[in-house]
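Below is one structure, written out as structure tokens, with a few remarks after it.
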Amino acid sequence: MSLSRLVTVVLIVVGTACVEIDAYAQPSASEVLAVSAGQSPTPIVVDGNLDADVWRTAPSIELQQQNPHPGQPTAFRTEVRVLRDDDHLYFGITCIDPELSKIAVHTLQLDGDQSNDDAISIVLDAFGRKKLAYVFQVNAAGAMADGLLSPGSVSAGNASSGQSSSGNSGQNGVVNYYWNGYWQAVVRHTATGWTAEIVIDTRSLQFDSRGSVWGFNVARYVPREQLTLVWSGINLNASVFNLQWEGTLSDVGGLQQGNGFEFDPYGLAKYDDARPGTTTKGGFDLKYDFTPELAGLFTYNTDFSEAPAVLQQSNTTRFALFTPEQRSFFLNGSNIYDFSHNLGQNFVPFDSQRIGLIGADVVPLDEGVKLFGQAGPWTVGILDTQMGSTGVSSAANLFAGRASYNVSDEWRVGMLATHGDPTGASDNTFSGFDSTWSTSTFAGDKTLNVSGWAGHSSGNLNPGNANGYGFDVEYPNDLWNADLNYNYYGDALDPALGFLPRPGTKQYYGQLNYQPRPDVNGSLGWIRQFLIDTNYTFVTGLDDHVQSENFNVYPVKFVTQTGWGFVSQLNYEYDSIPAPFSLLPNVAIPTGNYGGPAWALHLNSPQSKETWLLLATSGGRLYDGKYKVWRAELFTSNADGSLTADLMSHDYYFYMAAGHGTERLITATVTYSFTPDLSLGTLAQYNNIRRGIGTNMRLQWRIEPNRYLYCIWNHGVAPTSDVTAPVPDPHGNQLIVKMVWGFY
């Protein structure tokens, strides 16, 4: 593995050299001091009790209402205090609630979905550059969730302090909640509300050790009121996840990272029906902080069996589906690789899911190295992996590198390069450049994002144009939300380590949303906000021949003051099919031009309740026939969130010229959390095409922040989201016990 060894040497040299590079930070209008905990004779005990002298004497900040009535007083008073020592940050948060019985909690699980919970979110921009940040979140039951915040579009006015069920927040999924840091949180209920005491070990973070100021914000969400309180950014156009609105955390200079080493060995025992008998395996991750800003990570004989099972998805198009990354090795520094702005799933130049997975076949990762972090105004990420050989691939070396330069708090330019073919069958390289400018002061207090990119593929490519480029102008604000973008993808643009479902196209997109809030004292005061949306997508080939177009309008779409949601949608879709493809195993779509209208309706009850229901239906023209879809989801939990159950059913009925067909997808999830650190979850999925039930049962015990025990049972589980993908042994059973015991 010569390239990996070379990169390892480069990491050491670059990391050492970057010690001398000066960092910078820009102050903001909102500022809070991190008071030294060493000034108190009483050590901090993280137990949720904020009566200790060290907390009483620390200065406090108070959150203000941001949504729905910015700056107006509420009964939900929230105070935050910040302390520090040599290698920890402490947050003491007091949440007043006038109706304790109505506090909403839906999960006790680590990294569970807290989007409908009473919760606190802390955002730390450890370099003060308004580009990348860490997110730490705790709900009123003490459940913890943490993640990485990436540049991207945040939906103003509608974002809560929680995360969505997909593990993301904001319009483009700017928070990845699968990352894990070293921290602890304890919640205590009081006669007037609840308190949260949080300690974050800075040895798990990359930060500016020479500066004394970090970007910082904190938010509280009260779901029954759809109420968001924040510290910085008291504006309906703002969001806690939009770093342009962050404040500053001062006096954090001199924080330590210990000796800089983290060593995480694991041991694993596995029983598999396909290979009778028990097999064992071991490996490790070794992390070293060259500086507090730059970290190197080496992995050997890596195993990803503890990663959550992939949810199956239905696909009514001829294009591949995107699956988000959930594996721990790739998540460290993953937000550094985000390219341009608002490309979404149309183009992901570096998709780490391409490493270790070819179709439904898992490819072993023998070893890999990473460098990620900051060096002055530079943000860098380097990844090199050596893949083993399988029946579907040869041994291959795969490389990805990303560097971006922060010209200012608003403007970032960067480049991305990848090299290698996951199958090992060819030579492939992609290189790209991007630029993004974001501001929260356009026309006074509005958010505006402008971005552009260009890229090129080389190697063993098909004949054609190997270039791509595009731009995006976005105005994501509360009353008006608009977006306009154009992207050109050459027919030979082929990033083997990326995701590009439609090469050889020109893609145009426009969106205009009007989102008024009725007067609460008027006849429509029972409605919180109307969301009158329109968008148009137009795709041509490089010869300007129309391939597809889609016009959507949402004539009636609103959220009520109590949390009910209603959506009506009308759309017209045109698609030119160049070659036959199978919609279902027994339903083929012939070559031709197709178009027609369709409709959809959606209704959901308030999701702040312990039990809520979602109902949706849609139908209309589809290719040479028509379709009908029924969807239902029922969620329930007990009062403290320790037991949750979610049942989803999707039924797709297709009536085509070549024949009729049905696709049924049923997903059931049941989770019991004994404590916020110990949970047992069961995921069962059925679809009528595979004709079997796939089951994943996962026990996770977080013994300490870097020590885990996993017990996993799989039955008929495929490593891909495509419901038509084959399962290696649809009736097989697999039992895995894995222990990770880290040292730092």
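Simple scheme: letters A, B, ... for chains in structure tokens order, numbers from 1 for residues in each chain, numbers from 1 for ligands in the order shown.
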Item to complete: With a distance cut-off of 12 Å and only C-alpha atoms, select the neighbouring residues of Gln244 in chain A, excluding the residue or stretch itself and same-chain residues fewer than 4 positions from it, and output the selection as a VMD selection string.
Response: chain A and resid 26 to 29 125 128 to 133 151 to 154 215 to 217 232 to 233 237 to 240 248 408 to 411 437 to 442 445 to 449
Practice prompt. Report the residues of range 198-318 of chain A whose backbone DSSP state falls under strand (DSSP E or B), written as a PyMOL selection string.
Written response: chain A and resi 198-201+213-222+227-230+247-250+261-272+275-289+294-302+313
Item to complete: as a PyMOL selection string, list the residues of range 201-396 of chain A assigned to alpha helix (DSSP H) by DSSP on the backbone atoms of this structure.
Response: chain A and resi 328-331
Worksheet item: What lies within 12 Å of Thr278 in chain A using only C-alpha atoms, ignoring chain neighbours under 4 positions off, as a PyMOL selection string?
Response: chain A and resi 268-274+734-737
Please produce a file of the residues just selected, as a tab-separated table (two decimals), in the first residue's frame, where the atoms kept are N, CA and C atoms.
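Final output, part08.tsv:
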chain	number	residue	atom	x	y	z
A	268	LEU	N	-14.20	-8.61	17.70
A	268	LEU	CA	-15.50	-8.99	17.16
A	268	LEU	C	-15.60	-10.49	17.02
A	269	ALA	N	-16.75	-11.04	17.37
A	269	ALA	CA	-17.06	-12.45	17.13
A	269	ALA	C	-18.36	-12.51	16.33
A	270	LYS	N	-18.37	-13.36	15.28
A	270	LYS	CA	-19.53	-13.40	14.39
A	270	LYS	C	-19.90	-14.83	14.05
A	271	TYR	N	-21.21	-15.09	14.11
A	271	TYR	CA	-21.75	-16.37	13.62
A	271	TYR	C	-22.63	-16.07	12.43
A	272	ASP	N	-22.44	-16.82	11.34
A	272	ASP	CA	-23.18	-16.59	10.10
A	272	ASP	C	-23.63	-17.92	9.53
A	273	ASP	N	-24.94	-18.02	9.21
A	273	ASP	CA	-25.47	-19.25	8.61
A	273	ASP	C	-24.74	-19.62	7.33
A	274	ALA	N	-24.35	-18.56	6.57
A	274	ALA	CA	-23.73	-18.82	5.28
A	274	ALA	C	-22.35	-19.45	5.43
A	734	GLN	N	-27.39	-13.85	11.12
A	734	GLN	CA	-26.04	-13.41	11.44
A	734	GLN	C	-26.06	-12.79	12.84
A	735	LEU	N	-25.17	-13.25	13.70
A	735	LEU	CA	-25.06	-12.73	15.05
A	735	LEU	C	-23.66	-12.17	15.25
A	736	ILE	N	-23.58	-10.92	15.69
A	736	ILE	CA	-22.29	-10.23	15.84
A	736	ILE	C	-22.22	-9.63	17.24
A	737	VAL	N	-21.09	-9.82	17.89
A	737	VAL	CA	-20.80	-9.16	19.16
A	737	VAL	C	-19.50	-8.39	18.97
Practice prompt. Tell me, as an NGL selection string, which residues lie within 10 Å of Gly592 in chain A, counting only C-alpha atoms; anything in the same chain fewer than 2 positions away does not count.
Written response: :A and (575-580 or 589-590 or 594 or 623-624)
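Taking CA of Phe530 in chain A as the reference point, CA of His69 in chain A is found at 15.6 Å.
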Discussion item. Could you list, as a ChimeraX atom specification, every residue within 7 Å of Trp564 in chain A, counting only C-alpha atoms and ignoring same-chain residues fewer than 2 positions away?
Written reply: /A:559-560,562,566,604-606
Let me see the file: selected residues, N, CA, C and O atoms, as a short mmCIF file (atom, residue, chain, number, x, y, z; two decimals), in the first residue's frame.
data_model
loop_
_atom_site.label_atom_id
_atom_site.label_comp_id
_atom_site.auth_asym_id
_atom_site.auth_seq_id
_atom_site.Cartn_x
_atom_site.Cartn_y
_atom_site.Cartn_z
N VAL A 559 -49.38 24.99 8.36
CA VAL A 559 -49.20 24.39 9.68
C VAL A 559 -50.06 25.18 10.65
O VAL A 559 -50.04 26.42 10.64
N THR A 560 -50.82 24.48 11.50
CA THR A 560 -51.69 25.17 12.44
C THR A 560 -50.93 25.53 13.72
O THR A 560 -49.82 25.05 13.97
N THR A 562 -51.57 24.54 16.60
CA THR A 562 -51.46 23.36 17.47
C THR A 562 -50.61 22.25 16.88
O THR A 562 -50.41 21.22 17.52
N PHE A 566 -51.06 20.27 6.83
CA PHE A 566 -51.81 19.84 5.65
C PHE A 566 -51.07 20.31 4.40
O PHE A 566 -50.59 21.45 4.33
N ASN A 604 -51.00 15.44 8.77
CA ASN A 604 -50.38 14.87 9.96
C ASN A 604 -50.92 15.54 11.21
O ASN A 604 -51.22 16.74 11.23
N SER A 605 -51.08 14.75 12.27
CA SER A 605 -51.50 15.27 13.56
C SER A 605 -50.29 15.87 14.27
O SER A 605 -49.15 15.68 13.84
N PRO A 606 -50.50 16.61 15.37
CA PRO A 606 -49.36 17.25 16.06
C PRO A 606 -48.32 16.23 16.51
O PRO A 606 -48.63 15.31 17.27
#
Discussion item. Need to verify the contact set: Ser548 in chain A, 8 Å, only C-alpha atoms, exclusion of same-chain residues closer than 2 positions in sequence. Can you return it as a ChimeraX atom specification?
Written reply: /A:538-540,546,550,573-576
Write out as a JSON list (two decimals) with all heavy atoms, in the first residue's frame the residues lying within 8 Å of range 255-259 of chain A, counting only C-alpha atoms and excluding same-chain residues fewer than 2 positions away.
[["chain", "number", "residue", "atom", "x", "y", "z"],
["A", 85, "ASP", "N", -12.42, 24.32, 32.07],
["A", 85, "ASP", "CA", -11.16, 24.04, 32.74],
["A", 85, "ASP", "C", -10.13, 23.79, 31.65],
["A", 85, "ASP", "O", -10.29, 24.28, 30.53],
["A", 85, "ASP", "CB", -11.28, 22.89, 33.76],
["A", 85, "ASP", "CG", -11.77, 21.59, 33.14],
["A", 85, "ASP", "OD1", -11.60, 21.41, 31.91],
["A", 85, "ASP", "OD2", -12.30, 20.74, 33.88],
["A", 86, "ASP", "N", -9.10, 23.03, 31.91],
["A", 86, "ASP", "CA", -8.03, 22.88, 30.92],
["A", 86, "ASP", "C", -8.48, 22.15, 29.66],
["A", 86, "ASP", "O", -7.99, 22.44, 28.56],
["A", 86, "ASP", "CB", -6.85, 22.15, 31.54],
["A", 86, "ASP", "CG", -6.11, 23.01, 32.54],
["A", 86, "ASP", "OD1", -6.30, 24.24, 32.51],
["A", 86, "ASP", "OD2", -5.35, 22.46, 33.36],
["A", 87, "ASP", "N", -9.37, 21.17, 29.78],
["A", 87, "ASP", "CA", -9.76, 20.38, 28.60],
["A", 87, "ASP", "C", -11.24, 20.04, 28.56],
["A", 87, "ASP", "O", -11.64, 19.02, 27.98],
["A", 87, "ASP", "CB", -8.92, 19.09, 28.51],
["A", 87, "ASP", "CG", -8.83, 18.37, 29.85],
["A", 87, "ASP", "OD1", -9.73, 18.54, 30.68],
["A", 87, "ASP", "OD2", -7.84, 17.63, 30.05],
["A", 88, "HIS", "N", -12.08, 20.86, 29.21],
["A", 88, "HIS", "CA", -13.52, 20.64, 29.16],
["A", 88, "HIS", "C", -14.25, 21.97, 29.08],
["A", 88, "HIS", "O", -13.79, 22.99, 29.63],
["A", 88, "HIS", "CB", -14.02, 19.88, 30.40],
["A", 88, "HIS", "CG", -13.51, 18.49, 30.51],
["A", 88, "HIS", "ND1", -12.30, 18.19, 31.11],
["A", 88, "HIS", "CD2", -14.04, 17.30, 30.11],
["A", 88, "HIS", "CE1", -12.11, 16.88, 31.08],
["A", 88, "HIS", "NE2", -13.15, 16.31, 30.48],
["A", 202, "THR", "N", -12.90, 18.52, 25.22],
["A", 202, "THR", "CA", -12.34, 19.16, 24.03],
["A", 202, "THR", "C", -11.28, 18.30, 23.35],
["A", 202, "THR", "O", -10.84, 18.64, 22.25],
["A", 202, "THR", "CB", -11.75, 20.54, 24.38],
["A", 202, "THR", "OG1", -10.73, 20.38, 25.37],
["A", 202, "THR", "CG2", -12.83, 21.45, 24.91],
["A", 203, "ARG", "N", -10.90, 17.19, 23.98],
["A", 203, "ARG", "CA", -9.93, 16.30, 23.34],
["A", 203, "ARG", "C", -10.55, 15.56, 22.15],
["A", 203, "ARG", "O", -9.84, 14.93, 21.37],
["A", 203, "ARG", "CB", -9.38, 15.31, 24.36],
["A", 203, "ARG", "CG", -8.42, 15.95, 25.36],
["A", 203, "ARG", "CD", -8.01, 15.02, 26.46],
["A", 203, "ARG", "NE", -9.14, 14.75, 27.37],
["A", 203, "ARG", "CZ", -9.03, 14.04, 28.49],
["A", 203, "ARG", "NH1", -7.85, 13.52, 28.83],
["A", 203, "ARG", "NH2", -10.08, 13.85, 29.27],
["A", 204, "SER", "N", -11.87, 15.61, 22.01],
["A", 204, "SER", "CA", -12.52, 14.99, 20.84],
["A", 204, "SER", "C", -12.81, 16.01, 19.75],
["A", 204, "SER", "O", -13.42, 15.67, 18.74],
["A", 204, "SER", "CB", -13.82, 14.32, 21.27],
["A", 204, "SER", "OG", -14.77, 15.29, 21.73],
["A", 209, "SER", "N", -6.32, 26.56, 18.82],
["A", 209, "SER", "CA", -5.71, 26.61, 20.15],
["A", 209, "SER", "C", -5.08, 27.96, 20.44],
["A", 209, "SER", "O", -4.84, 28.30, 21.60],
["A", 209, "SER", "CB", -4.64, 25.52, 20.26],
["A", 209, "SER", "OG", -3.61, 25.74, 19.30],
["A", 252, "VAL", "N", -11.75, 31.11, 25.69],
["A", 252, "VAL", "CA", -11.55, 29.67, 25.53],
["A", 252, "VAL", "C", -10.13, 29.36, 25.09],
["A", 252, "VAL", "O", -9.82, 28.22, 24.73],
["A", 252, "VAL", "CB", -12.57, 29.07, 24.52],
["A", 252, "VAL", "CG1", -13.96, 29.09, 25.10],
["A", 252, "VAL", "CG2", -12.52, 29.84, 23.20],
["A", 253, "GLY", "N", -9.27, 30.35, 25.09],
["A", 253, "GLY", "CA", -7.88, 30.11, 24.73],
["A", 253, "GLY", "C", -7.19, 29.19, 25.72],
["A", 253, "GLY", "O", -7.50, 29.17, 26.91],
["A", 261, "PHE", "N", -3.13, 11.59, 21.44],
["A", 261, "PHE", "CA", -3.37, 10.25, 20.91],
["A", 261, "PHE", "C", -4.74, 9.72, 21.33],
["A", 261, "PHE", "O", -5.17, 9.94, 22.47],
["A", 261, "PHE", "CB", -2.30, 9.27, 21.40],
["A", 261, "PHE", "CG", -1.02, 9.32, 20.63],
["A", 261, "PHE", "CD1", 0.06, 10.03, 21.11],
["A", 261, "PHE", "CD2", -0.89, 8.66, 19.42],
["A", 261, "PHE", "CE1", 1.25, 10.09, 20.41],
["A", 261, "PHE", "CE2", 0.29, 8.70, 18.70],
["A", 261, "PHE", "CZ", 1.36, 9.43, 19.20],
["A", 289, "ASP", "N", -3.49, 13.98, 17.06],
["A", 289, "ASP", "CA", -3.66, 15.40, 16.79],
["A", 289, "ASP", "C", -2.29, 16.03, 16.59],
["A", 289, "ASP", "O", -1.56, 16.26, 17.57],
["A", 289, "ASP", "CB", -4.39, 16.07, 17.95],
["A", 289, "ASP", "CG", -5.80, 15.54, 18.13],
["A", 289, "ASP", "OD1", -6.53, 15.49, 17.13],
["A", 289, "ASP", "OD2", -6.15, 15.16, 19.26],
["A", 292, "PRO", "N", -3.92, 21.06, 17.72],
["A", 292, "PRO", "CA", -5.34, 21.05, 18.05],
["A", 292, "PRO", "C", -6.25, 21.28, 16.84],
["A", 292, "PRO", "O", -7.42, 20.95, 16.87],
["A", 292, "PRO", "CB", -5.46, 22.19, 19.08],
["A", 292, "PRO", "CG", -4.12, 22.26, 19.70],
["A", 292, "PRO", "CD", -3.15, 21.97, 18.58],
["A", 744, "TYR", "N", -7.44, 7.37, 25.56],
["A", 744, "TYR", "CA", -6.94, 8.69, 25.15],
["A", 744, "TYR", "C", -6.42, 9.44, 26.36],
["A", 744, "TYR", "O", -6.65, 9.05, 27.49],
["A", 744, "TYR", "CB", -8.03, 9.51, 24.45],
["A", 744, "TYR", "CG", -9.21, 9.91, 25.29],
["A", 744, "TYR", "CD1", -9.23, 11.14, 25.94],
["A", 744, "TYR", "CD2", -10.31, 9.06, 25.43],
["A", 744, "TYR", "CE1", -10.32, 11.51, 26.70],
["A", 744, "TYR", "CE2", -11.40, 9.43, 26.18],
["A", 744, "TYR", "CZ", -11.41, 10.65, 26.83],
["A", 744, "TYR", "OH", -12.49, 11.02, 27.58]]
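Using only C-alpha atoms for every distance, the candidate list A:Ile382, A:Val46, A:Val740, A:Ile358 yields A:Val740 as the residue closest to Cys711 in chain A.
Remark: for Asp264 in chain A, the closest of the candidate residues A:Val45, A:Gln313, A:Phe329, A:Pro324 is A:Phe329 (distances computed over only C-alpha atoms).
Among the candidates A:Asn481, A:Ser649, A:Asn460, A:Gln700, the one nearest to Trp630 in chain A when counting only C-alpha atoms is A:Ser649.
With only C-alpha atoms as the atoms that count, the minimum distance from Thr107 in chain A to the choices A:Val138, A:Asn513, A:Asn687, A:Cys95 is reached by A:Val138.
Between CA of His341 in chain A and CA of Ala145 in chain A lies a distance of 25.2 Å.
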Item to complete: Could you jot down the CA of Asp111 in chain A to CA of Arg224 in chain A separation for me, Å, one decimal place?
Response: 21.5 Å
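Comparing A:Tyr221, A:Ala482, A:His456, A:Gly525 by their smallest distance to Gln511 in chain A, the closest is A:Ala482 (using only C-alpha atoms).
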